[in-house]
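Participant: Got input_21.txt for you, compact mmCIF, C-alpha atoms:
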```txt
# COMPACT_ATOMS: atom_id res chain seq x y z
CA ASN A 877 118.43 85.92 66.85
CA VAL A 878 116.17 87.95 64.61
CA GLY A 879 115.75 91.63 63.94
CA PHE A 880 113.78 93.82 61.58
CA ILE A 881 114.28 97.17 59.92
CA GLY A 882 111.41 98.65 57.94
CA PHE A 883 112.38 101.62 55.82
CA SER A 884 111.38 103.93 53.02
CA ASN A 885 113.23 107.21 52.64
CA ARG A 886 113.66 107.00 56.43
CA ILE A 887 113.84 104.27 59.05
CA GLU A 888 110.21 103.53 59.81
CA ARG A 889 110.78 100.88 62.48
CA ALA A 890 113.72 98.96 63.89
CA VAL A 891 113.35 96.03 66.27
CA GLY A 892 115.95 93.72 67.76
CA PRO A 893 117.95 91.68 67.35
CA LEU A 894 115.85 89.51 69.65
CA ARG A 895 116.58 86.00 70.88
CA GLY A 896 114.45 82.95 71.54
CA LYS A 897 110.83 81.98 71.02
CA PRO A 898 109.37 85.21 72.46
CA ALA A 899 111.13 87.10 69.63
CA ILE A 900 108.38 86.29 67.13
CA THR A 901 105.65 87.55 69.48
CA THR A 902 107.64 90.72 70.11
CA LEU A 903 108.19 91.27 66.38
CA VAL A 904 104.49 90.87 65.62
CA ARG A 905 103.55 93.23 68.46
CA GLU A 906 106.06 95.85 67.31
CA LEU A 907 105.32 95.62 63.58
CA PHE A 908 101.60 94.91 63.18
CA ASP A 909 100.72 98.54 62.46
CA LEU A 910 103.57 99.26 60.02
CA GLU A 911 102.13 100.70 56.80
CA PRO A 912 103.82 101.06 53.40
CA ARG A 913 104.83 104.51 52.20
CA TYR A 914 105.14 105.54 48.58
CA GLU A 915 108.63 106.96 48.84
CA ALA A 916 111.90 105.98 47.19
CA SER A 917 113.73 103.49 49.41
CA ASP A 918 116.99 104.75 50.89
CA TYR A 919 119.08 101.58 50.85
CA GLY A 920 122.18 103.41 52.06
CA LEU A 921 120.37 104.54 55.19
CA ALA A 922 119.04 101.03 55.91
CA ILE A 923 122.37 99.31 55.31
CA ASP A 924 124.16 101.85 57.49
CA LYS A 925 121.67 101.08 60.27
CA ILE A 926 122.25 97.33 59.83
CA THR A 927 126.05 97.60 59.91
CA ARG A 928 125.93 99.75 63.06
CA ARG A 929 123.53 97.37 64.84
CA GLN A 930 124.87 94.03 63.64
CA ARG A 931 128.62 93.62 64.01
CA LYS A 932 128.73 89.82 63.84
CA ARG A 933 128.23 87.98 60.54
CA ALA A 934 124.52 87.52 59.89
CA LEU A 935 122.04 86.59 57.22
CA VAL A 936 120.41 89.82 56.04
CA ILE A 937 117.22 89.40 54.06
CA LEU A 938 116.23 92.40 51.96
CA VAL A 939 112.69 92.15 50.63
CA THR A 940 111.95 94.70 47.95
CA HIS A 941 109.87 95.30 44.87
CA ALA A 942 112.12 95.92 41.88
CA LEU A 943 110.35 98.73 40.12
CA ASP A 944 112.89 99.26 37.36
CA GLU A 945 116.54 98.97 36.38
CA GLN A 946 117.53 102.08 38.36
CA HIS A 947 116.00 100.63 41.49
CA LEU A 948 118.17 97.53 41.18
CA ILE A 949 121.26 99.62 40.47
CA ALA A 950 120.64 101.44 43.77
CA VAL A 951 120.31 98.10 45.58
CA GLY A 952 123.59 96.95 44.03
CA GLU A 953 125.50 100.09 44.96
CA HIS A 954 124.69 99.62 48.63
CA ALA A 955 124.58 95.84 48.77
CA ARG A 956 128.28 95.48 48.07
CA SER A 957 129.19 97.16 51.35
CA LEU A 958 126.95 94.72 53.23
CA THR A 959 128.30 91.56 51.58
CA ARG A 960 131.77 92.17 53.01
CA ASN A 961 130.70 91.01 56.47
CA HIS A 962 127.25 89.50 56.02
CA LEU A 963 125.39 87.05 53.83
CA LEU A 964 122.84 89.04 51.84
CA LEU A 965 119.70 87.44 50.49
CA CYS A 966 117.80 89.85 48.26
CA VAL A 967 114.17 88.85 47.73
CA LEU A 968 112.78 90.58 44.67
CA LEU A 969 109.02 90.61 44.42
CA ARG A 970 108.01 90.14 40.81
CA ASP A 971 105.62 92.54 39.17
CA VAL A 972 102.93 90.16 37.94
CA GLY A 973 101.29 92.85 35.83
CA LEU A 974 104.54 93.70 34.07
CA ALA A 975 105.18 90.06 33.21
CA ALA A 976 101.63 89.73 31.89
CA ALA A 977 102.06 92.86 29.76
CA ALA A 978 105.30 91.51 28.30
CA SER A 979 103.76 88.20 27.33
CA ALA A 980 100.43 89.57 26.06
CA VAL A 981 99.59 89.01 22.42
CA PRO A 982 99.23 92.49 20.89
CA ARG A 983 96.02 93.34 19.09
CA SER A 984 97.06 96.83 18.06
CA ASP A 985 100.15 98.97 17.56
CA LEU A 986 99.66 100.42 21.04
CA ASP A 987 99.46 96.91 22.54
CA ALA A 988 102.65 95.96 20.70
CA PHE A 989 104.41 99.03 22.08
CA ARG A 990 103.25 98.18 25.64
CA ALA A 991 104.42 94.57 25.30
CA ALA A 992 107.81 95.66 23.92
CA ALA A 993 108.28 98.26 26.67
CA ALA A 994 107.38 95.72 29.36
CA ALA A 995 109.74 93.14 27.84
CA GLU A 996 112.57 95.70 27.77
CA MET A 997 111.96 96.59 31.42
CA LEU A 998 112.11 92.91 32.38
CA ALA A 999 115.29 92.39 30.34
CA ALA A 1000 116.96 95.40 32.01
CA GLN A 1001 115.95 94.07 35.41
CA GLY A 1002 117.38 90.68 34.47
CA ARG A 1003 120.74 92.25 33.60
CA GLN A 1004 120.88 94.02 36.97
CA VAL A 1005 119.92 90.83 38.83
CA GLY A 1006 122.84 89.12 37.08
CA ARG A 1007 125.19 91.88 38.26
CA LEU A 1008 123.92 91.49 41.83
CA ARG A 1009 124.59 87.75 41.68
CA GLU A 1010 128.10 88.42 40.36
CA ALA A 1011 128.66 90.71 43.36
CA GLY A 1012 127.89 87.85 45.75
CA VAL A 1013 124.27 88.66 46.53
CA LEU A 1014 121.93 85.70 46.82
CA ILE A 1015 118.73 86.36 44.89
CA ILE A 1016 115.22 85.01 45.08
CA GLU A 1017 112.70 86.26 42.54
CA THR A 1018 109.16 85.41 43.60
CA VAL A 1019 105.58 86.57 43.48
CA PRO A 1020 104.23 87.98 46.76
CA ALA A 1021 101.96 84.96 47.34
CA ASP A 1022 105.00 82.63 47.40
CA LEU A 1023 107.23 84.89 49.53
CA SER A 1024 107.13 82.93 52.80
CA ALA A 1025 107.77 79.53 51.27
CA ALA A 1026 110.59 80.84 49.06
CA VAL A 1027 112.40 82.54 51.96
CA VAL A 1028 112.03 79.60 54.35
CA ASN A 1029 113.26 77.15 51.69
CA GLN A 1030 116.27 79.34 50.91
CA TYR A 1031 117.06 79.69 54.62
CA LEU A 1032 116.94 75.92 55.09
CA ASP A 1033 119.19 75.47 52.05
CA LEU A 1034 121.73 77.96 53.44
CA LYS A 1035 121.72 76.16 56.80
CA ALA A 1036 122.16 72.75 55.10
CA ARG A 1037 125.13 74.12 53.11
CA HIS A 1038 126.65 75.56 56.35
CA LEU A 1039 126.79 79.09 54.96
CA LEU A 1040 125.43 80.62 58.17
```
With the file now loaded, output its structure as structure tokens.

Facilitator:
Amino acid sequence: NVGFIGFSNRIERAVGPLRGKPAITTLVRELFDLEPRYEASDYGLAIDKITRRQRKRALVILVTHALDEQHLIAVGEHARSLTRNHLLLCVLLRDVGLAAAASAVPRSDLDAFRAAAAAEMLAAQGRQVGRLREAGVLIIETVPADLSAAVVNQYLDLKARHLL
């Protein structure tokens, strides 16, 4: 069975859960025109929708872009309620530009400030990721180009360990 909830500050689209091979075709047909919105994600709204729709234990995969420490705190506040009954895999898309800024060799005082600020943002994110792991959330940190492979590999690992 597979389902999908796309959300921003509102539920944009909800499909399923669907069963069998036709589920993928149905998901593609229902989701092909879904566009991103530049709004703060309402994790409480999405998790409430999931818990109302999915009563049986399930693997829930949350794919999100961790913008800053506060963003991850919000994920953590709502993720705990989901991990009581479900296995939560949080896929955090890395900000490639932020990592590059943190590792750049500064050529000026302004460059040094940018590198230090980027490094502090990454360190704060790292602390929050650690807190999520302590709360029982499975975490994958990946760049967008490696998203599919990372999620499939983690899924296969969870199946092999009989966690589903």

Participant: Give me the residues within 7 Å of Cys966 (chain A) as a ChimeraX atom specification, counting only C-alpha atoms and dropping any in the same chain fewer than 4 places off.

Facilitator: /A:937-939,1013-1016

Participant: Please, what distance in Å, to one decimal, runs between CA of His954 (chain A) and CA of Val972 (chain A)?

Facilitator: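 Taking CA of His954 (chain A) and CA of Val972 (chain A), their separation equals 26.0 Å.
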
Participant: Taking all atoms of region 886-894 of chain A that appear in the file, build a box with edges along x, y and z, extend it by 6 Å on every side, and state its centre and edge lengths in Å to one decimal, as JSON.

Facilitator:
```
{"center_x": 114.1, "center_y": 98.3, "center_z": 63.0, "size_x": 19.7, "size_y": 29.5, "size_z": 25.2}
```

Participant: Using only C-alpha atoms, which of A:Leu921, A:Glu945, A:Thr901, A:Leu907 sits nearest Ile887 (chain A)?

Facilitator: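 The closest residue to Ile887 (chain A) is A:Leu921.
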
Participant: What does the distance between CA of Ile949 (chain A) and CA of Leu969 (chain A) come to in Å, to one decimal place?

Facilitator: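 Interatomic distance, CA of Ile949 (chain A) to CA of Leu969 (chain A): 15.7 Å.
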